[in-house]
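Below: the structure, in structure tokens.
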Amino acid sequence: METVAVVLEQPGKLALRTLALQEPGADDIVVDALWSGISSGTERLLWEGRMPDFPGMGYPLVPGYETVGVVTQGGHGFAEGDRVFVPGANCYKQARGLFGGAAARIVLPARRAMPLRNIEGETGILIALAATAHHAVAGEHAQLPELIVGHGILGRLIARITLALGGAAPTVWETAEARRTSTDGYSVIDPSTDNRKDYRTICDASGANGLLDSLIGRLAKRGEVTLAGFYEQPLSFTFPPAFMREARLRIAAEFTHADMEAATGLITSGRLSLNGLISNRAKASTAAQAYHTAFTDPSCIKMALDWSDLA
């Protein structure tokens, strides 16, 4: 079997390539992609060659961990025609699968696919990000945030999940004016206009470096900062202000299966809306330009690739 896939051949060089696929094993299913998402965080680091050492790193590689597709070879509870979410794959003979979901046809273990019910169209690509947001603010030992830093796709999902779980409307900081809008029941402001210094819970969804001192300075006594972004450089902070506040620092790692189920439950129940979060759509045949837009245009909140022209 073969597939057409997005291949990062080296930093800054991306193209569509035909790749040979590994033959499906006894525990695998085959999925034909309908839509895939582009991550402007981790995938941008791969594109720019700035990704820290990570298991499976190396070029050429197939990116992507947000794919919606249709099962074409089923088994293990999946039937032909089922719509599923694919969180990536490692099924290519001529490229690494990091994260491996940006391809027209994908082979993956059945246990990694997630059935999609009552989640229509391209919005299904947001399941992983919704689970990531849930893990950051509602996972084990997590607390709902009073302040969210960054109004990109992850920050928006964190804010929506906070409201969906009954939390008070958070304040959201955003430095880019183009992203400083919201119709979802919370305010988005320029951080320079915020004088508050008693936030009990702050969640950073920006992934920006050099923020810790500023965030710690906005905490109440025994407040907590959750790091929900992906940070390419070592993080540090000045100790005395953190000491005076008895500040806590929490790192939100990869989402769990429980987060996937919780996020899906919020969506299917209508408590969490994914409407308006996908800002850009492009044909997969124009992937090179679509990735460039996703990585360089601040007005692009989320780019979705339509694989129908390469089916």
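To be explicit about the labels: the chains of the structure tokens are called A, B, and onward in the order shown, and within each one the residues are counted from 1, while ligands get numbers from 1 in the order they are shown.
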Compile the contact shell of A:Lys197 as a PDB file with N, CA and C atoms, in the first residue's frame: residues with an atom at most 10 Å away, counting only C-alpha atoms, same-chain residues fewer than 5 positions apart removed.
ATOM      1  N   LEU A 215       4.149  36.020  35.825  1.00  0.00           N
ATOM      2  CA  LEU A 215       2.972  35.288  36.293  1.00  0.00           C
ATOM      3  C   LEU A 215       3.010  35.084  37.798  1.00  0.00           C
ATOM      4  N   ILE A 216       4.156  34.756  38.333  1.00  0.00           N
ATOM      5  CA  ILE A 216       4.275  34.584  39.781  1.00  0.00           C
ATOM      6  C   ILE A 216       3.936  35.889  40.501  1.00  0.00           C
ATOM      7  N   GLY A 217       4.319  37.013  39.898  1.00  0.00           N
ATOM      8  CA  GLY A 217       4.012  38.310  40.485  1.00  0.00           C
ATOM      9  C   GLY A 217       2.533  38.640  40.504  1.00  0.00           C
ATOM     10  N   ARG A 218       1.718  37.881  39.784  1.00  0.00           N
ATOM     11  CA  ARG A 218       0.266  38.104  39.762  1.00  0.00           C
ATOM     12  C   ARG A 218      -0.498  37.128  40.642  1.00  0.00           C
ATOM     13  N   LEU A 219       0.217  36.240  41.343  1.00  0.00           N
ATOM     14  CA  LEU A 219      -0.439  35.237  42.159  1.00  0.00           C
ATOM     15  C   LEU A 219      -0.844  35.761  43.529  1.00  0.00           C
ATOM     16  N   ALA A 220      -1.928  35.211  44.047  1.00  0.00           N
ATOM     17  CA  ALA A 220      -2.269  35.367  45.455  1.00  0.00           C
ATOM     18  C   ALA A 220      -1.389  34.430  46.280  1.00  0.00           C
ATOM     19  N   LYS A 221      -1.427  34.574  47.577  1.00  0.00           N
ATOM     20  CA  LYS A 221      -0.697  33.684  48.475  1.00  0.00           C
ATOM     21  C   LYS A 221      -1.111  32.239  48.202  1.00  0.00           C
TER      22      LYS A 221
END
Can you pull out every residue within 9 Å of A:Leu61, counting only C-alpha atoms, but drop anything in the same chain fewer than 2 positions away, and send it as an mmCIF file with N, CA, C and O atoms, in the first residue's frame?
data_model
loop_
_atom_site.group_PDB
_atom_site.id
_atom_site.type_symbol
_atom_site.label_atom_id
_atom_site.label_comp_id
_atom_site.auth_asym_id
_atom_site.auth_seq_id
_atom_site.Cartn_x
_atom_site.Cartn_y
_atom_site.Cartn_z
ATOM 1 N N VAL A 6 2.094 14.502 3.971
ATOM 2 C CA VAL A 6 2.901 15.697 4.199
ATOM 3 C C VAL A 6 4.231 15.235 4.799
ATOM 4 O O VAL A 6 4.249 14.505 5.783
ATOM 5 N N VAL A 7 5.321 15.642 4.197
ATOM 6 C CA VAL A 7 6.640 15.229 4.670
ATOM 7 C C VAL A 7 7.488 16.461 4.952
ATOM 8 O O VAL A 7 7.673 17.311 4.066
ATOM 9 N N LEU A 8 7.954 16.568 6.182
ATOM 10 C CA LEU A 8 8.972 17.561 6.520
ATOM 11 C C LEU A 8 10.315 16.913 6.220
ATOM 12 O O LEU A 8 10.798 16.063 6.962
ATOM 13 N N GLU A 9 10.908 17.292 5.091
ATOM 14 C CA GLU A 9 12.146 16.660 4.655
ATOM 15 C C GLU A 9 13.343 17.149 5.458
ATOM 16 O O GLU A 9 14.300 16.409 5.697
ATOM 17 N N GLN A 10 13.256 18.392 5.878
ATOM 18 C CA GLN A 10 14.255 19.027 6.740
ATOM 19 C C GLN A 10 13.623 20.319 7.231
ATOM 20 O O GLN A 10 12.572 20.728 6.731
ATOM 21 N N MET A 57 12.409 11.757 17.106
ATOM 22 C CA MET A 57 12.826 12.917 16.320
ATOM 23 C C MET A 57 13.764 12.502 15.193
ATOM 24 O O MET A 57 14.523 11.546 15.309
ATOM 25 N N GLY A 58 13.718 13.286 14.128
ATOM 26 C CA GLY A 58 14.577 13.066 12.977
ATOM 27 C C GLY A 58 13.822 13.338 11.699
ATOM 28 O O GLY A 58 12.583 13.266 11.658
ATOM 29 N N TYR A 59 14.529 13.685 10.651
ATOM 30 C CA TYR A 59 13.926 13.984 9.350
ATOM 31 C C TYR A 59 14.394 12.937 8.339
ATOM 32 O O TYR A 59 15.476 12.380 8.478
ATOM 33 N N PRO A 63 4.309 14.868 9.978
ATOM 34 C CA PRO A 63 3.730 15.491 11.171
ATOM 35 C C PRO A 63 2.257 15.128 11.310
ATOM 36 O O PRO A 63 1.712 14.347 10.525
ATOM 37 N N GLN A 94 9.409 5.063 4.580
ATOM 38 C CA GLN A 94 10.449 5.980 4.125
ATOM 39 C C GLN A 94 10.504 7.283 4.922
ATOM 40 O O GLN A 94 11.185 8.219 4.525
ATOM 41 N N ALA A 95 9.784 7.356 6.024
ATOM 42 C CA ALA A 95 9.786 8.571 6.848
ATOM 43 C C ALA A 95 9.386 8.205 8.263
ATOM 44 O O ALA A 95 8.691 7.210 8.501
ATOM 45 N N ARG A 96 9.816 9.018 9.200
ATOM 46 C CA ARG A 96 9.422 8.822 10.589
ATOM 47 C C ARG A 96 7.978 9.296 10.791
ATOM 48 O O ARG A 96 7.530 10.212 10.118
ATOM 49 N N GLY A 97 7.296 8.672 11.718
ATOM 50 C CA GLY A 97 5.927 9.084 12.035
ATOM 51 C C GLY A 97 5.910 9.948 13.272
ATOM 52 O O GLY A 97 5.596 9.479 14.362
ATOM 53 N N LEU A 98 6.289 11.195 13.143
ATOM 54 C CA LEU A 98 6.261 12.129 14.268
ATOM 55 C C LEU A 98 5.502 13.386 13.817
ATOM 56 O O LEU A 98 6.098 14.310 13.281
ATOM 57 N N PHE A 99 4.250 13.406 13.953
ATOM 58 C CA PHE A 99 3.424 12.462 14.712
ATOM 59 C C PHE A 99 2.614 11.545 13.788
ATOM 60 O O PHE A 99 1.860 10.703 14.238
ATOM 61 N N GLY A 100 2.723 11.754 12.511
ATOM 62 C CA GLY A 100 2.312 10.768 11.539
ATOM 63 C C GLY A 100 0.885 10.776 11.064
ATOM 64 O O GLY A 100 0.462 9.846 10.372
#
Pick from A:Leu235, A:Gly150, A:Ile106, A:Ala164 nearest to A:Asp204, counting only C-alpha atoms: A:Gly150
All strand (DSSP E or B) positions in stretch 48-202 of chain A, as a PyMOL selection string: chain A and resi 61+67-73+75+78+83-86+92+96+103+105-109+114-115+147-149+171-173+187-189+199-202
File dump, residues just selected, C-alpha atoms, as a PDB file, in the first residue's frame:
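As written to disk, out_1.pdb reads:
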ATOM      1  CA  LEU A  61       9.078  12.953   9.125  1.00  0.00           C
ATOM      2  CA  THR A  67      -6.878  13.528  11.893  1.00  0.00           C
ATOM      3  CA  VAL A  68     -10.488  12.593  11.210  1.00  0.00           C
ATOM      4  CA  GLY A  69     -11.058   9.738   8.799  1.00  0.00           C
ATOM      5  CA  VAL A  70     -13.152   6.778   7.693  1.00  0.00           C
ATOM      6  CA  VAL A  71     -12.223   3.173   8.413  1.00  0.00           C
ATOM      7  CA  THR A  72     -11.580   1.247   5.187  1.00  0.00           C
ATOM      8  CA  GLN A  73     -10.214  -1.931   6.778  1.00  0.00           C
ATOM      9  CA  GLY A  75     -11.609  -5.077  13.035  1.00  0.00           C
ATOM     10  CA  PHE A  78     -14.402  -1.006  14.077  1.00  0.00           C
ATOM     11  CA  ARG A  83     -15.696   7.743  11.398  1.00  0.00           C
ATOM     12  CA  VAL A  84     -12.749   7.910  13.781  1.00  0.00           C
ATOM     13  CA  PHE A  85     -10.253  10.298  15.298  1.00  0.00           C
ATOM     14  CA  VAL A  86      -6.596   9.378  14.681  1.00  0.00           C
ATOM     15  CA  TYR A  92       5.668   4.765   6.903  1.00  0.00           C
ATOM     16  CA  ARG A  96       9.422   8.822  10.589  1.00  0.00           C
ATOM     17  CA  ALA A 103      -1.558  11.541   5.265  1.00  0.00           C
ATOM     18  CA  ARG A 105      -4.225   6.825   4.216  1.00  0.00           C
ATOM     19  CA  ILE A 106      -3.056   5.710   7.650  1.00  0.00           C
ATOM     20  CA  VAL A 107      -2.377   2.356   9.286  1.00  0.00           C
ATOM     21  CA  LEU A 108      -2.572   2.319  13.075  1.00  0.00           C
ATOM     22  CA  PRO A 109      -3.363   0.036  16.010  1.00  0.00           C
ATOM     23  CA  MET A 114     -11.361   6.823  18.787  1.00  0.00           C
ATOM     24  CA  PRO A 115     -14.914   6.509  17.435  1.00  0.00           C
ATOM     25  CA  LEU A 147      -6.368  33.769  34.451  1.00  0.00           C
ATOM     26  CA  ILE A 148      -5.443  32.197  31.111  1.00  0.00           C
ATOM     27  CA  VAL A 149      -2.406  33.431  29.198  1.00  0.00           C
ATOM     28  CA  THR A 171      -9.707  36.610  32.338  1.00  0.00           C
ATOM     29  CA  VAL A 172      -7.589  35.922  29.256  1.00  0.00           C
ATOM     30  CA  TRP A 173      -4.390  37.770  28.385  1.00  0.00           C
ATOM     31  CA  SER A 187     -13.006  38.894  28.526  1.00  0.00           C
ATOM     32  CA  VAL A 188      -9.753  38.994  26.538  1.00  0.00           C
ATOM     33  CA  ILE A 189      -7.457  41.878  27.420  1.00  0.00           C
ATOM     34  CA  TYR A 199      -5.060  35.364  40.986  1.00  0.00           C
ATOM     35  CA  ARG A 200      -5.325  32.015  42.739  1.00  0.00           C
ATOM     36  CA  THR A 201      -4.884  29.984  39.561  1.00  0.00           C
ATOM     37  CA  ILE A 202      -3.095  30.948  36.346  1.00  0.00           C
TER      38      ILE A 202
END
Nearest to A:Gly37, chosen from A:Ile158, A:Ala284, A:Leu274, A:Met1, with only C-alpha atoms counted in the distances: A:Ala284
Who sits within 10 Å of A:Arg271, only C-alpha atoms, same chain under 4 positions skipped, as a ChimeraX atom specification: /A:160-161,163-166,263,265-267
Next, write the just-selected residues to a file, as an mmCIF file, in the first residue's frame, keeping N, CA, C and O atoms as the atom set.
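Output file selection_27.cif is given in full below:
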data_model
loop_
_atom_site.group_PDB
_atom_site.id
_atom_site.type_symbol
_atom_site.label_atom_id
_atom_site.label_comp_id
_atom_site.auth_asym_id
_atom_site.auth_seq_id
_atom_site.Cartn_x
_atom_site.Cartn_y
_atom_site.Cartn_z
ATOM 1 N N ARG A 160 -13.261 27.820 27.328
ATOM 2 C CA ARG A 160 -14.580 27.221 27.122
ATOM 3 C C ARG A 160 -14.829 26.051 28.066
ATOM 4 O O ARG A 160 -15.948 25.881 28.572
ATOM 5 N N ILE A 161 -13.808 25.240 28.307
ATOM 6 C CA ILE A 161 -13.970 24.114 29.215
ATOM 7 C C ILE A 161 -14.160 24.605 30.644
ATOM 8 O O ILE A 161 -14.948 24.035 31.415
ATOM 9 N N LEU A 163 -15.720 27.265 31.582
ATOM 10 C CA LEU A 163 -17.133 27.631 31.677
ATOM 11 C C LEU A 163 -18.032 26.394 31.630
ATOM 12 O O LEU A 163 -19.020 26.308 32.366
ATOM 13 N N ALA A 164 -17.678 25.429 30.768
ATOM 14 C CA ALA A 164 -18.500 24.221 30.634
ATOM 15 C C ALA A 164 -18.545 23.424 31.934
ATOM 16 O O ALA A 164 -19.538 22.753 32.224
ATOM 17 N N LEU A 165 -17.478 23.514 32.727
ATOM 18 C CA LEU A 165 -17.402 22.782 33.994
ATOM 19 C C LEU A 165 -17.941 23.592 35.169
ATOM 20 O O LEU A 165 -17.802 23.186 36.326
ATOM 21 N N GLY A 166 -18.537 24.746 34.876
ATOM 22 C CA GLY A 166 -19.170 25.537 35.925
ATOM 23 C C GLY A 166 -18.275 26.552 36.591
ATOM 24 O O GLY A 166 -18.667 27.146 37.600
ATOM 25 N N ALA A 263 -13.699 15.139 27.499
ATOM 26 C CA ALA A 263 -13.874 16.198 26.505
ATOM 27 C C ALA A 263 -14.962 15.826 25.499
ATOM 28 O O ALA A 263 -15.805 16.656 25.142
ATOM 29 N N GLY A 265 -17.437 13.829 26.016
ATOM 30 C CA GLY A 265 -18.714 13.913 26.715
ATOM 31 C C GLY A 265 -19.239 15.337 26.794
ATOM 32 O O GLY A 265 -20.440 15.577 26.614
ATOM 33 N N LEU A 266 -18.343 16.285 27.060
ATOM 34 C CA LEU A 266 -18.758 17.687 27.102
ATOM 35 C C LEU A 266 -19.259 18.159 25.748
ATOM 36 O O LEU A 266 -20.219 18.932 25.655
ATOM 37 N N ILE A 267 -18.609 17.688 24.685
ATOM 38 C CA ILE A 267 -18.991 18.110 23.336
ATOM 39 C C ILE A 267 -20.341 17.515 22.950
ATOM 40 O O ILE A 267 -21.247 18.223 22.497
#
Surrounding residues of A:Gly74 excluding itself and chain neighbours under 4 positions, 7 Å, only C-alpha atoms, as a PyMOL selection string: chain A and resi 29-30+78-80
Please, could you write that set of residues out with N, CA, C and O atoms as a compact mmCIF listing (two decimals), in the first residue's frame?
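That gives us again-v7.txt:
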# COMPACT_ATOMS: atom_id res chain seq x y z
N ILE A 29 -5.96 -1.21 12.04
CA ILE A 29 -7.01 -0.82 11.10
C ILE A 29 -6.41 0.13 10.08
O ILE A 29 -5.32 0.68 10.29
N VAL A 30 -7.11 0.31 8.97
CA VAL A 30 -6.70 1.26 7.93
C VAL A 30 -7.75 2.36 7.84
O VAL A 30 -8.96 2.08 7.83
N PHE A 78 -14.19 -2.01 15.12
CA PHE A 78 -14.40 -1.01 14.08
C PHE A 78 -14.87 -1.68 12.79
O PHE A 78 -14.32 -2.71 12.38
N ALA A 79 -15.86 -1.05 12.15
CA ALA A 79 -16.39 -1.56 10.90
C ALA A 79 -16.05 -0.60 9.77
O ALA A 79 -15.82 0.60 9.99
N GLU A 80 -16.02 -1.11 8.58
CA GLU A 80 -15.78 -0.26 7.42
C GLU A 80 -16.83 0.84 7.36
O GLU A 80 -18.02 0.59 7.52
Helix (DSSP H, G or I) call set, DSSP backbone run, stretch 64-283 of chain A, as a PyMOL selection string: chain A and resi 110-112+121-138+153-164+177-179+191-193+212-216+239-245+257-268
Residue neighbourhood A:Arg222, 7 Å, only C-alpha atoms, exclusion window fewer than 6 positions, as a VMD selection string: chain A and resid 245 to 248
Non-local contacts of A:Asn118 (9 Å; only C-alpha atoms; under 2 positions in same chain excluded) as a CSV table (one decimal) with all heavy atoms, in the first residue's frame:
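Result went into out_5.csv, see below:
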chain,number,residue,atom,x,y,z
A,116,LEU,N,-15.9,8.5,16.5
A,116,LEU,CA,-16.5,9.8,16.5
A,116,LEU,C,-18.0,9.7,16.3
A,116,LEU,O,-18.5,9.3,15.3
A,116,LEU,CB,-15.9,10.7,15.4
A,116,LEU,CG,-14.5,11.2,15.7
A,116,LEU,CD1,-14.1,12.1,14.5
A,116,LEU,CD2,-14.4,12.0,16.9
A,120,GLU,N,-19.5,16.2,14.0
A,120,GLU,CA,-19.5,16.2,12.6
A,120,GLU,C,-18.4,17.0,11.9
A,120,GLU,O,-17.8,17.9,12.5
A,120,GLU,CB,-20.9,16.8,12.1
A,120,GLU,CG,-22.1,16.0,12.6
A,120,GLU,CD,-22.1,14.5,12.1
A,120,GLU,OE1,-21.6,14.3,11.0
A,120,GLU,OE2,-22.6,13.7,12.9
A,267,ILE,N,-18.6,17.7,24.7
A,267,ILE,CA,-19.0,18.1,23.3
A,267,ILE,C,-20.3,17.5,23.0
A,267,ILE,O,-21.2,18.2,22.5
A,267,ILE,CB,-17.9,17.7,22.3
A,267,ILE,CG1,-16.6,18.5,22.6
A,267,ILE,CG2,-18.4,18.0,20.9
A,267,ILE,CD1,-15.4,17.9,21.9
A,268,THR,N,-20.5,16.2,23.1
A,268,THR,CA,-21.7,15.6,22.7
A,268,THR,C,-22.9,16.0,23.5
A,268,THR,O,-24.1,15.9,23.1
A,268,THR,CB,-21.6,14.0,22.7
A,268,THR,OG1,-21.1,13.6,24.0
A,268,THR,CG2,-20.5,13.6,21.7
Residue neighbourhood A:Ser36, 6 Å, only C-alpha atoms, exclusion window fewer than 2 positions, as a count of residues only: 4
Two-atom distance - atom CA of A:Ser273, atom CA of A:Leu157 (Å):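 Atom CA of A:Ser273 sits 9.1 Å away from atom CA of A:Leu157.
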Minimum-distance residue to A:Ile153, chosen among A:Pro241, A:Arg281, A:Arg179, A:Glu48 (using only C-alpha atoms):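 Ranked by minimum distance to A:Ile153, first place goes to A:Arg179.
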